[in-house]
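Next up, data35.cif (mmCIF, C-alpha atoms and all ligand atoms):
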```cif
data_start
#
loop_
_atom_site.group_PDB
_atom_site.id
_atom_site.type_symbol
_atom_site.label_atom_id
_atom_site.label_comp_id
_atom_site.auth_asym_id
_atom_site.auth_seq_id
_atom_site.Cartn_x
_atom_site.Cartn_y
_atom_site.Cartn_z
ATOM 1 C CA MET A 1 -63.594 20.031 23.901
ATOM 2 C CA LYS A 2 -61.999 16.706 24.426
ATOM 3 C CA LYS A 3 -59.474 17.278 21.646
ATOM 4 C CA SER A 4 -58.265 20.671 22.981
ATOM 5 C CA HIS A 5 -58.027 19.234 26.465
ATOM 6 C CA ILE A 6 -55.642 16.599 25.193
ATOM 7 C CA ARG A 7 -53.575 19.273 23.486
ATOM 8 C CA ILE A 8 -53.264 21.273 26.737
ATOM 9 C CA VAL A 9 -52.181 18.193 28.648
ATOM 10 C CA THR A 10 -49.644 17.333 25.935
ATOM 11 C CA LEU A 11 -48.132 20.827 25.909
ATOM 12 C CA GLY A 12 -47.959 20.834 29.676
ATOM 13 C CA ALA A 13 -46.159 17.500 29.697
ATOM 14 C CA LEU A 14 -43.714 18.718 27.063
ATOM 15 C CA ALA A 15 -42.928 21.884 29.039
ATOM 16 C CA ALA A 16 -42.359 19.868 32.222
ATOM 17 C CA PHE A 17 -40.127 17.459 30.300
ATOM 18 C CA ALA A 18 -38.037 20.290 28.817
ATOM 19 C CA PHE A 19 -37.753 21.995 32.220
ATOM 20 C CA ALA A 20 -36.646 18.781 33.925
ATOM 21 C CA PHE A 21 -33.975 18.058 31.373
ATOM 22 C CA SER A 22 -32.669 21.610 30.966
ATOM 23 C CA PHE A 23 -30.418 21.010 33.983
ATOM 24 C CA LEU A 24 -28.692 18.202 32.124
ATOM 25 C CA LEU A 25 -27.690 20.347 29.159
ATOM 26 C CA PRO A 26 -24.040 21.421 29.107
ATOM 27 C CA ALA A 27 -23.302 25.100 29.663
ATOM 28 C CA ALA A 28 -22.012 25.388 26.073
ATOM 29 C CA GLN A 29 -25.583 25.002 24.818
ATOM 30 C CA GLU A 30 -26.312 28.532 26.011
ATOM 31 C CA LYS A 31 -23.830 29.901 23.469
ATOM 32 C CA PRO A 32 -24.340 28.663 19.906
ATOM 33 C CA LYS A 33 -21.338 26.902 18.419
ATOM 34 C CA LEU A 34 -19.318 28.773 15.800
ATOM 35 C CA LYS A 35 -16.611 26.502 14.462
ATOM 36 C CA VAL A 36 -14.000 27.990 12.150
ATOM 37 C CA PHE A 37 -11.770 25.899 9.854
ATOM 38 C CA ILE A 38 -8.496 27.412 8.627
ATOM 39 C CA SER A 39 -6.369 25.905 5.860
ATOM 40 C CA VAL A 40 -2.960 27.590 5.849
ATOM 41 C CA ASP A 41 -0.538 27.371 2.943
ATOM 42 C CA MET A 42 2.845 29.088 2.844
ATOM 43 C CA GLU A 43 3.521 30.806 -0.500
ATOM 44 C CA GLY A 44 0.958 33.537 0.227
ATOM 45 C CA ILE A 45 2.197 34.262 3.756
ATOM 46 C CA SER A 46 3.358 37.802 4.580
ATOM 47 C CA GLY A 47 7.043 38.248 3.717
ATOM 48 C CA ILE A 48 7.422 35.098 1.558
ATOM 49 C CA VAL A 49 8.787 35.620 -1.980
ATOM 50 C CA HIS A 50 11.064 32.597 -2.581
ATOM 51 C CA GLY A 51 10.986 28.799 -2.301
ATOM 52 C CA ASP A 52 13.946 28.889 0.108
ATOM 53 C CA GLN A 53 11.611 30.485 2.651
ATOM 54 C CA THR A 54 9.111 27.603 2.324
ATOM 55 C CA THR A 55 11.523 24.641 2.162
ATOM 56 C CA PRO A 56 12.874 22.828 5.254
ATOM 57 C CA GLY A 57 16.659 22.598 5.396
ATOM 58 C CA THR A 58 17.354 26.083 4.084
ATOM 59 C CA ALA A 59 18.717 28.982 6.118
ATOM 60 C CA GLU A 60 15.564 31.041 5.524
ATOM 61 C CA TYR A 61 12.970 28.378 6.434
ATOM 62 C CA ALA A 62 12.929 29.150 10.179
ATOM 63 C CA ALA A 63 11.811 32.693 9.406
ATOM 64 C CA GLY A 64 9.208 31.481 6.883
ATOM 65 C CA ARG A 65 7.522 29.092 9.297
ATOM 66 C CA LYS A 66 7.483 31.771 12.020
ATOM 67 C CA TRP A 67 5.763 34.224 9.625
ATOM 68 C CA MET A 68 3.280 31.469 8.752
ATOM 69 C CA ALA A 69 2.349 31.011 12.418
ATOM 70 C CA GLN A 70 2.004 34.764 12.888
ATOM 71 C CA ASP A 71 -0.345 35.196 9.889
ATOM 72 C CA VAL A 72 -2.515 32.297 11.039
ATOM 73 C CA ASN A 73 -2.529 33.564 14.638
ATOM 74 C CA ALA A 74 -3.864 36.905 13.379
ATOM 75 C CA ALA A 75 -6.709 34.974 11.699
ATOM 76 C CA VAL A 76 -7.339 32.960 14.891
ATOM 77 C CA GLU A 77 -7.487 36.156 16.971
ATOM 78 C CA GLY A 78 -9.949 37.706 14.532
ATOM 79 C CA ALA A 79 -12.108 34.579 14.616
ATOM 80 C CA LEU A 80 -12.146 34.423 18.425
ATOM 81 C CA GLU A 81 -12.985 38.120 18.724
ATOM 82 C CA ALA A 82 -15.831 37.566 16.249
ATOM 83 C CA GLY A 83 -17.282 34.832 18.495
ATOM 84 C CA ALA A 84 -15.664 31.615 17.263
ATOM 85 C CA THR A 85 -16.072 28.838 19.826
ATOM 86 C CA GLU A 86 -13.555 26.493 18.160
ATOM 87 C CA VAL A 87 -10.807 27.108 15.615
ATOM 88 C CA VAL A 88 -9.098 24.249 13.775
ATOM 89 C CA VAL A 89 -5.944 25.014 11.775
ATOM 90 C CA ASN A 90 -4.805 22.565 9.081
ATOM 91 C CA ASP A 91 -1.132 22.976 8.111
ATOM 92 C CA SER A 92 -1.409 22.703 4.306
ATOM 93 C CA HIS A 93 2.058 23.226 2.856
ATOM 94 C CA GLY A 94 4.598 20.636 1.706
ATOM 95 C CA SER A 95 5.275 18.185 4.570
ATOM 96 C CA MET A 96 2.397 19.915 6.412
ATOM 97 C CA ARG A 97 4.634 20.106 9.488
ATOM 98 C CA ASN A 98 5.591 23.754 9.111
ATOM 99 C CA ILE A 99 3.815 25.307 12.070
ATOM 100 C CA ASP A 100 5.583 24.578 15.348
ATOM 101 C CA PRO A 101 2.663 23.712 17.681
ATOM 102 C CA ASP A 102 4.333 25.869 20.334
ATOM 103 C CA ASP A 103 4.005 28.890 18.031
ATOM 104 C CA LEU A 104 0.272 28.475 17.346
ATOM 105 C CA HIS A 105 -2.353 30.496 19.228
ATOM 106 C CA PRO A 106 -3.113 28.538 22.436
ATOM 107 C CA ARG A 107 -6.855 28.393 21.667
ATOM 108 C CA ALA A 108 -6.399 26.853 18.186
ATOM 109 C CA ILE A 109 -6.290 23.126 17.398
ATOM 110 C CA LEU A 110 -3.553 22.108 14.932
ATOM 111 C CA ILE A 111 -3.731 19.375 12.281
ATOM 112 C CA SER A 112 -0.131 18.554 11.358
ATOM 113 C CA GLY A 113 1.618 16.176 8.931
ATOM 114 C CA SER A 114 0.910 14.421 5.618
ATOM 115 C CA PRO A 115 -0.355 12.648 3.598
ATOM 116 C CA LYS A 116 -3.970 13.157 4.628
ATOM 117 C CA PRO A 117 -6.999 12.010 2.571
ATOM 118 C CA LEU A 118 -8.353 15.542 2.128
ATOM 119 C CA SER A 119 -4.885 17.100 2.039
ATOM 120 C CA MET A 120 -5.170 20.881 2.531
ATOM 121 C CA MET A 121 -8.749 20.450 3.752
ATOM 122 C CA GLN A 122 -8.280 17.570 6.174
ATOM 123 C CA GLY A 123 -10.484 18.006 9.244
ATOM 124 C CA ILE A 124 -13.346 19.889 7.614
ATOM 125 C CA ASP A 125 -16.897 18.597 8.025
ATOM 126 C CA ALA A 126 -20.459 19.902 8.141
ATOM 127 C CA SER A 127 -20.094 21.085 11.756
ATOM 128 C CA PHE A 128 -18.006 24.111 10.673
ATOM 129 C CA ALA A 129 -19.699 27.470 10.023
ATOM 130 C CA VAL A 130 -16.987 28.904 7.792
ATOM 131 C CA CYS A 131 -13.613 28.209 6.197
ATOM 132 C CA LEU A 132 -10.672 30.622 5.861
ATOM 133 C CA LEU A 133 -7.772 30.116 3.420
ATOM 134 C CA ILE A 134 -4.613 31.821 4.730
ATOM 135 C CA GLY A 135 -1.318 32.180 2.819
ATOM 136 C CA TYR A 136 -2.760 30.910 -0.482
ATOM 137 C CA HIS A 137 -1.246 31.438 -3.945
ATOM 138 C CA ALA A 138 -2.359 31.729 -7.571
ATOM 139 C CA LYS A 139 -2.693 28.775 -9.967
ATOM 140 C CA ALA A 140 0.156 27.464 -12.121
ATOM 141 C CA GLY A 141 0.882 29.762 -15.044
ATOM 142 C CA THR A 142 -0.250 33.028 -13.451
ATOM 143 C CA GLU A 143 1.826 36.096 -14.268
ATOM 144 C CA ASP A 144 3.106 38.319 -11.432
ATOM 145 C CA ALA A 145 2.162 35.786 -8.748
ATOM 146 C CA ILE A 146 4.504 34.644 -5.957
ATOM 147 C CA LEU A 147 5.433 30.952 -6.427
ATOM 148 C CA ASP A 148 2.415 30.230 -8.649
ATOM 149 C CA HIS A 149 1.607 26.514 -8.917
ATOM 150 C CA THR A 150 -1.277 24.076 -8.538
ATOM 151 C CA ILE A 151 -0.740 21.374 -5.873
ATOM 152 C CA SER A 152 2.658 20.278 -7.244
ATOM 153 C CA GLY A 153 5.028 22.593 -9.096
ATOM 154 C CA SER A 154 6.976 19.704 -10.654
ATOM 155 C CA VAL A 155 3.946 17.666 -11.763
ATOM 156 C CA VAL A 156 0.888 19.814 -12.531
ATOM 157 C CA ARG A 157 0.486 22.203 -15.415
ATOM 158 C CA ALA A 158 -3.290 22.661 -14.999
ATOM 159 C CA ILE A 159 -6.314 21.091 -13.314
ATOM 160 C CA ARG A 160 -9.775 21.439 -14.824
ATOM 161 C CA VAL A 161 -13.083 20.400 -13.308
ATOM 162 C CA ASN A 162 -15.976 20.301 -15.786
ATOM 163 C CA GLY A 163 -13.918 22.456 -18.141
ATOM 164 C CA ALA A 164 -12.991 25.215 -15.691
ATOM 165 C CA GLU A 165 -9.341 25.555 -14.680
ATOM 166 C CA LEU A 166 -9.081 25.831 -10.906
ATOM 167 C CA PRO A 167 -6.367 27.003 -8.537
ATOM 168 C CA GLU A 168 -6.000 25.302 -5.146
ATOM 169 C CA LEU A 169 -8.410 27.826 -3.659
ATOM 170 C CA GLY A 170 -11.149 26.665 -6.061
ATOM 171 C CA LEU A 171 -10.590 22.943 -5.497
ATOM 172 C CA ASN A 172 -10.493 23.434 -1.733
ATOM 173 C CA ALA A 173 -13.534 25.719 -1.722
ATOM 174 C CA ALA A 174 -15.397 22.934 -3.579
ATOM 175 C CA ILE A 175 -14.377 20.463 -0.841
ATOM 176 C CA ALA A 176 -15.676 22.890 1.799
ATOM 177 C CA GLY A 177 -18.806 23.364 -0.319
ATOM 178 C CA TYR A 178 -19.335 19.590 -0.417
ATOM 179 C CA TYR A 179 -19.824 19.807 3.362
ATOM 180 C CA GLY A 180 -21.963 22.956 3.046
ATOM 181 C CA VAL A 181 -19.225 25.229 4.408
ATOM 182 C CA PRO A 182 -18.501 28.565 2.647
ATOM 183 C CA VAL A 183 -14.981 29.958 2.191
ATOM 184 C CA VAL A 184 -15.395 33.524 3.484
ATOM 185 C CA LEU A 185 -11.818 34.846 3.397
ATOM 186 C CA VAL A 186 -8.633 34.279 1.404
ATOM 187 C CA SER A 187 -5.237 35.898 2.119
ATOM 188 C CA GLY A 188 -2.146 35.941 -0.119
ATOM 189 C CA ASP A 189 -0.786 38.136 -2.918
ATOM 190 C CA THR A 190 -2.879 40.371 -5.162
ATOM 191 C CA ALA A 191 -3.004 37.645 -7.853
ATOM 192 C CA VAL A 192 -4.663 35.038 -5.603
ATOM 193 C CA CYS A 193 -7.062 37.715 -4.345
ATOM 194 C CA ARG A 194 -8.067 38.406 -7.963
ATOM 195 C CA GLN A 195 -8.599 34.683 -8.687
ATOM 196 C CA THR A 196 -10.653 34.371 -5.479
ATOM 197 C CA SER A 197 -13.056 37.107 -6.600
ATOM 198 C CA GLU A 198 -13.320 35.582 -10.084
ATOM 199 C CA ILE A 199 -14.142 32.079 -8.846
ATOM 200 C CA LEU A 200 -15.864 32.535 -5.477
ATOM 201 C CA GLY A 201 -17.419 35.959 -6.044
ATOM 202 C CA LYS A 202 -16.823 39.458 -4.720
ATOM 203 C CA ASP A 203 -18.463 38.872 -1.317
ATOM 204 C CA VAL A 204 -15.558 36.688 -0.210
ATOM 205 C CA VAL A 205 -13.156 38.902 1.790
ATOM 206 C CA THR A 206 -9.661 39.005 0.277
ATOM 207 C CA VAL A 207 -6.575 40.237 2.130
ATOM 208 C CA ALA A 208 -3.573 41.109 -0.060
ATOM 209 C CA VAL A 209 -0.330 41.027 1.932
ATOM 210 C CA LYS A 210 1.977 41.566 -1.075
ATOM 211 C CA GLU A 211 1.978 42.570 -4.737
ATOM 212 C CA ALA A 212 4.250 40.510 -6.969
ATOM 213 C CA TYR A 213 6.650 41.903 -9.570
ATOM 214 C CA GLY A 214 7.053 38.415 -11.018
ATOM 215 C CA ARG A 215 7.282 34.908 -9.547
ATOM 216 C CA LEU A 216 10.073 35.679 -7.062
ATOM 217 C CA ALA A 217 9.760 39.317 -5.994
ATOM 218 C CA ALA A 218 7.061 41.430 -4.405
ATOM 219 C CA LYS A 219 6.308 44.705 -2.679
ATOM 220 C CA LEU A 220 5.384 43.661 0.877
ATOM 221 C CA VAL A 221 2.745 45.153 3.120
ATOM 222 C CA PRO A 222 4.621 45.867 6.408
ATOM 223 C CA MET A 223 4.347 42.718 8.539
ATOM 224 C CA GLY A 224 2.442 44.242 11.459
ATOM 225 C CA GLU A 225 0.009 45.934 9.108
ATOM 226 C CA ALA A 226 -0.481 42.707 7.101
ATOM 227 C CA ARG A 227 -1.511 40.858 10.273
ATOM 228 C CA ARG A 228 -3.816 43.687 11.322
ATOM 229 C CA LEU A 229 -5.457 43.429 7.879
ATOM 230 C CA ILE A 230 -5.870 39.644 8.221
ATOM 231 C CA LYS A 231 -7.401 39.973 11.702
ATOM 232 C CA ALA A 232 -9.741 42.785 10.608
ATOM 233 C CA GLY A 233 -10.672 40.858 7.454
ATOM 234 C CA VAL A 234 -11.610 37.765 9.458
ATOM 235 C CA LYS A 235 -13.750 39.834 11.841
ATOM 236 C CA ASP A 236 -15.450 41.444 8.849
ATOM 237 C CA ALA A 237 -16.060 38.072 7.174
ATOM 238 C CA LEU A 238 -17.450 36.463 10.345
ATOM 239 C CA GLY A 239 -19.577 39.511 11.070
ATOM 240 C CA LYS A 240 -21.608 38.852 7.929
ATOM 241 C CA LEU A 241 -22.366 35.146 8.212
ATOM 242 C CA GLY A 242 -24.652 33.873 5.501
ATOM 243 C CA ARG A 243 -23.513 36.472 2.957
ATOM 244 C CA VAL A 244 -21.352 33.936 1.130
ATOM 245 C CA LYS A 245 -22.917 30.689 -0.033
ATOM 246 C CA PRO A 246 -20.919 27.431 -0.125
ATOM 247 C CA PHE A 247 -19.099 26.909 -3.454
ATOM 248 C CA LYS A 248 -20.634 23.895 -5.135
ATOM 249 C CA ILE A 249 -19.899 22.386 -8.536
ATOM 250 C CA ALA A 250 -22.779 20.351 -9.956
ATOM 251 C CA PRO A 251 -22.109 16.601 -10.486
ATOM 252 C CA PRO A 252 -21.071 14.555 -12.384
ATOM 253 C CA TYR A 253 -17.446 15.651 -12.391
ATOM 254 C CA ASN A 254 -14.942 15.491 -15.186
ATOM 255 C CA PHE A 255 -11.453 15.917 -13.742
ATOM 256 C CA GLU A 256 -8.763 16.813 -16.270
ATOM 257 C CA LEU A 257 -5.143 16.711 -15.158
ATOM 258 C CA GLY A 258 -2.488 18.342 -17.310
ATOM 259 C CA TYR A 259 1.002 17.148 -16.455
ATOM 260 C CA HIS A 260 4.259 18.903 -17.269
ATOM 261 C CA VAL A 261 5.665 16.009 -19.329
ATOM 262 C CA SER A 262 4.168 13.120 -21.285
ATOM 263 C CA ALA A 263 5.977 10.451 -19.185
ATOM 264 C CA GLN A 264 3.794 11.475 -16.244
ATOM 265 C CA ALA A 265 0.635 11.037 -18.339
ATOM 266 C CA ASP A 266 1.979 7.690 -19.668
ATOM 267 C CA MET A 267 1.877 6.274 -16.124
ATOM 268 C CA ALA A 268 -1.544 7.685 -15.223
ATOM 269 C CA ALA A 269 -3.065 6.340 -18.459
ATOM 270 C CA MET A 270 -2.179 2.775 -17.413
ATOM 271 C CA LEU A 271 -5.187 2.817 -15.084
ATOM 272 C CA THR A 272 -8.232 1.589 -17.005
ATOM 273 C CA GLU A 273 -10.553 4.301 -15.686
ATOM 274 C CA VAL A 274 -8.177 7.076 -16.747
ATOM 275 C CA LYS A 275 -8.589 8.425 -20.281
ATOM 276 C CA ARG A 276 -5.733 9.932 -22.292
ATOM 277 C CA VAL A 277 -6.742 13.369 -23.632
ATOM 278 C CA ASP A 278 -3.419 14.295 -25.256
ATOM 279 C CA ALA A 279 0.302 13.673 -24.743
ATOM 280 C CA ARG A 280 0.428 15.435 -21.380
ATOM 281 C CA THR A 281 -3.224 15.319 -20.271
ATOM 282 C CA VAL A 282 -5.446 12.661 -18.707
ATOM 283 C CA ALA A 283 -9.069 12.756 -17.541
ATOM 284 C CA PHE A 284 -11.473 10.714 -15.448
ATOM 285 C CA THR A 285 -15.027 11.098 -14.197
ATOM 286 C CA ALA A 286 -16.544 10.865 -10.722
ATOM 287 C CA ASP A 287 -20.062 11.226 -9.324
ATOM 288 C CA ASP A 288 -18.758 12.252 -5.908
ATOM 289 C CA PHE A 289 -16.436 15.266 -5.650
ATOM 290 C CA ILE A 290 -14.454 13.934 -2.695
ATOM 291 C CA LEU A 291 -13.794 10.573 -4.370
ATOM 292 C CA GLY A 292 -12.725 12.396 -7.531
ATOM 293 C CA PHE A 293 -10.442 14.716 -5.596
ATOM 294 C CA ARG A 294 -8.787 11.781 -3.846
ATOM 295 C CA LYS A 295 -8.082 10.117 -7.189
ATOM 296 C CA LEU A 296 -6.658 13.390 -8.490
ATOM 297 C CA ARG A 297 -4.349 13.636 -5.465
ATOM 298 C CA ALA A 298 -3.130 10.076 -6.007
ATOM 299 C CA LEU A 299 -2.467 10.649 -9.727
ATOM 300 C CA ILE A 300 -0.384 13.714 -8.795
ATOM 301 C CA ALA A 301 1.504 12.109 -5.888
ATOM 302 C CA LEU A 302 2.324 8.920 -7.828
ATOM 303 C CA ALA A 303 3.521 10.669 -10.989
ATOM 304 C CA PRO A 304 7.203 10.096 -11.860
ATOM 305 C CA ALA A 305 9.528 13.086 -11.526
ATOM 306 C CA ARG A 306 10.026 14.965 -14.778
HETATM 307 ZN ZN ZN A 401 2.230 25.543 -0.476
#
```

Would you mind writing the file's structure down as structure tokens?
Amino acid sequence: MKKSHIRIVTLGALAAFAFAFSFLLPAAQEKPKLKVFISVDMEGISGIVHGDQTTPGTAEYAAGRKWMAQDVNAAVEGALEAGATEVVVNDSHGSMRNIDPDDLHPRAILISGSPKPLSMMQGIDASFAVCLLIGYHAKAGTEDAILDHTISGSVVRAIRVNGAELPELGLNAAIAGYYGVPVVLVSGDTAVCRQTSEILGKDVVTVAVKEAYGRLAAKLVPMGEARRLIKAGVKDALGKLGRVKPFKIAPPYNFELGYHVSAQADMAAMLTEVKRVDARTVAFTADDFILGFRKLRALIALAPAR
């Protein structure tokens, strides 16, 4: 008797406490948060087939950066229509100052400039529900893939983590996975869509906006249609939350970096913790994926030009 009486009093006190404090909760609490992180690269943007369209200082760059904003805005619109409460866009190409903030969807938050510790994934954390990769491209050495490369076209021949060669989409999905965030959509050419399915699985939505005839030519999906496909793909991906699990690689990590020329590996191998694998390849280990990734970035950025 006595025991149950105490329980009733306790429950009553708890209910009164919750009622009293419910007035203090912000209105946003009524709607659950759905934060969406977008990393946007440039080579896989609708219309892009050549480096001139992705390089500042060329006559074609103004068009390229406008197309980039329009592809990402289609993704933002899809996310908002699917219930996103916050959308963060990380400019992830070259100088990472490609998107003119004036051209970005007014509801999206832009991360601009470089270098950044997490590079193409700067800004992601465990508070995000999902990650979208827009305008991505296939890994270095892929046939029929627009501007195929991995992080740096002049430095990197291949990157392997625990023996598996990864394109940028795989490395970045592993960063998202570190924070428990799944990559649910990738857009780009048909080659990057194929690599997405191979690495992240078939449940990840892929949106092909072009089909390459080589490294520098492609059959383009009409621009308006490409953006409709991106928007619809994002709505589809966000409509099935939980279908895709975060991409996680089990520790410890062996990072292997294949350079284009041996002089680049000569420099990297001067660091005591870096092991020489062969003339052009170095390797190092890390227990933490983020720390390993940061070392990888530094070894790429500090490499001498070939
Ligand atoms: Zn890029």

At most 10 Å from ligand ZN 401 (chain A) (only C-alpha atoms and all ligand atoms): residue list as an mmCIF file with C-alpha atoms, keeping the file's coordinate frame:
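Now in out_21.cif:
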```cif
data_model
loop_
_atom_site.group_PDB
_atom_site.id
_atom_site.type_symbol
_atom_site.label_atom_id
_atom_site.label_comp_id
_atom_site.auth_asym_id
_atom_site.auth_seq_id
_atom_site.Cartn_x
_atom_site.Cartn_y
_atom_site.Cartn_z
ATOM 1 C CA VAL A 40 -2.960 27.590 5.849
ATOM 2 C CA ASP A 41 -0.538 27.371 2.943
ATOM 3 C CA MET A 42 2.845 29.088 2.844
ATOM 4 C CA GLU A 43 3.521 30.806 -0.500
ATOM 5 C CA GLY A 44 0.958 33.537 0.227
ATOM 6 C CA ILE A 45 2.197 34.262 3.756
ATOM 7 C CA GLY A 51 10.986 28.799 -2.301
ATOM 8 C CA THR A 54 9.111 27.603 2.324
ATOM 9 C CA THR A 55 11.523 24.641 2.162
ATOM 10 C CA ASP A 91 -1.132 22.976 8.111
ATOM 11 C CA SER A 92 -1.409 22.703 4.306
ATOM 12 C CA HIS A 93 2.058 23.226 2.856
ATOM 13 C CA GLY A 94 4.598 20.636 1.706
ATOM 14 C CA SER A 95 5.275 18.185 4.570
ATOM 15 C CA MET A 96 2.397 19.915 6.412
ATOM 16 C CA MET A 120 -5.170 20.881 2.531
ATOM 17 C CA GLY A 135 -1.318 32.180 2.819
ATOM 18 C CA TYR A 136 -2.760 30.910 -0.482
ATOM 19 C CA HIS A 137 -1.246 31.438 -3.945
ATOM 20 C CA LEU A 147 5.433 30.952 -6.427
ATOM 21 C CA ASP A 148 2.415 30.230 -8.649
ATOM 22 C CA HIS A 149 1.607 26.514 -8.917
ATOM 23 C CA THR A 150 -1.277 24.076 -8.538
ATOM 24 C CA ILE A 151 -0.740 21.374 -5.873
ATOM 25 C CA SER A 152 2.658 20.278 -7.244
ATOM 26 C CA GLY A 153 5.028 22.593 -9.096
ATOM 27 C CA GLU A 168 -6.000 25.302 -5.146
#
```

Open item on the list: Taking 3 positions as the minimum chain separation for residues in the same chain, which residues sit within 10 Å of Ala305 of chain A when counting all atoms listed in the file? Answer as a ChimeraX atom specification.
Closed with: /A:154-155,260-261,263-264,301-302

Task: Resolved residues for the PyMOL selection byres (((chain A and resi 274) around 12) and not hetatm) as an MDAnalysis selection string - done: chainID A and resid 254:257 265:273 275:277 281:286 292 295:296 299

TODO: List, as an MDAnalysis selection string, every residue that the PyMOL selection byres (((chain A and resi 226) around 9) and not hetatm) selects in the file provided.
DONE: chainID A and resid 46 71 207:210 220:225 227:231

Task: Residue among A:Glu198, A:Asp100, A:Glu77, A:Asp203 lying closest to Leu185 of chain A, counting all atoms listed in the file - done: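 Closest candidate: A:Asp203.
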
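From atom CA of Phe289 of chain A back to atom CA of Ala126 of chain A, the distance works out to 15.1 Å.
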
TODO: Do a neighbour search on Ile134 of chain A at 7 Å with only C-alpha atoms, toss out local chain neighbours closer than 5 positions, and write the hits as a PyMOL selection string.
DONE: chain A and resi 39-41+72+186-188

- [ ] Could you state which residues are captured by the PyMOL selection byres (((chain A and resi 144) around 12) and not hetatm) in this file, as a list in words?
- [x] Val49, His137, Ala138, Lys139, Ala140, Gly141, Thr142, Glu143, Ala145, Ile146, Leu147, Asp148, Asp189, Thr190, Ala191, Val192, Arg194, Lys210, Glu211, Ala212, Tyr213, Gly214, Arg215, Leu216, Ala217, Ala218 and Lys219 of chain A

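The closest residue to Cys193 of chain A, picked from A:Gly170, A:Pro117, A:Gly177, A:Gly258 and counting all atoms listed in the file, is A:Gly170.
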
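The spacing separating atom CA of Lys35 of chain A from atom CA of Ser112 of chain A amounts to 18.6 Å.
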
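Take atom CA of Ala232 of chain A and atom CA of Ile199 of chain A: the distance between them is 22.6 Å.
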
To test the calculation: enclose all listed atoms of segment 151-162 of chain A in a box whose edges run along x, y and z, add 8 Å on each side, then state centre and edge lengths in Å to one decimal, as lines of an AutoDock Vina configuration file.
```
center_x = -4.5
center_y = 20.2
center_z = -10.8
size_x = 39.0
size_y = 21.0
size_z = 25.9
```

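Among A:Val244, A:Ile48, A:Ala63, A:Ala75, the residue with the shortest atom-to-atom distance to Ala129 of chain A, counting all atoms listed in the file, is A:Val244.
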
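Closest approach to Val88 of chain A from the set A:Ala59, A:Leu241, A:Leu171, A:Leu133 is made by A:Leu133, with distances taken over only C-alpha atoms.
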
Task: Counting all atoms listed in the file, the option among A:His50, A:Phe293, A:Gly57, A:Leu132 closest to Val161 of chain A - done: A:Phe293

Task: Contacts of Ala237 of chain A within 8 Å, only C-alpha atoms, excl. fewer than 3 positions in-chain, as a ChimeraX atom specification - done: /A:184-185,204-205,233-234,240-241

- [ ] Find, counting all atoms listed in the file, the residue in A:Gln70, A:Ser119, A:Ser127, A:Asn172 that gets nearest to Lys33 of chain A.
- [x]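 Result for the nearest residue to Lys33 of chain A: A:Ser127.
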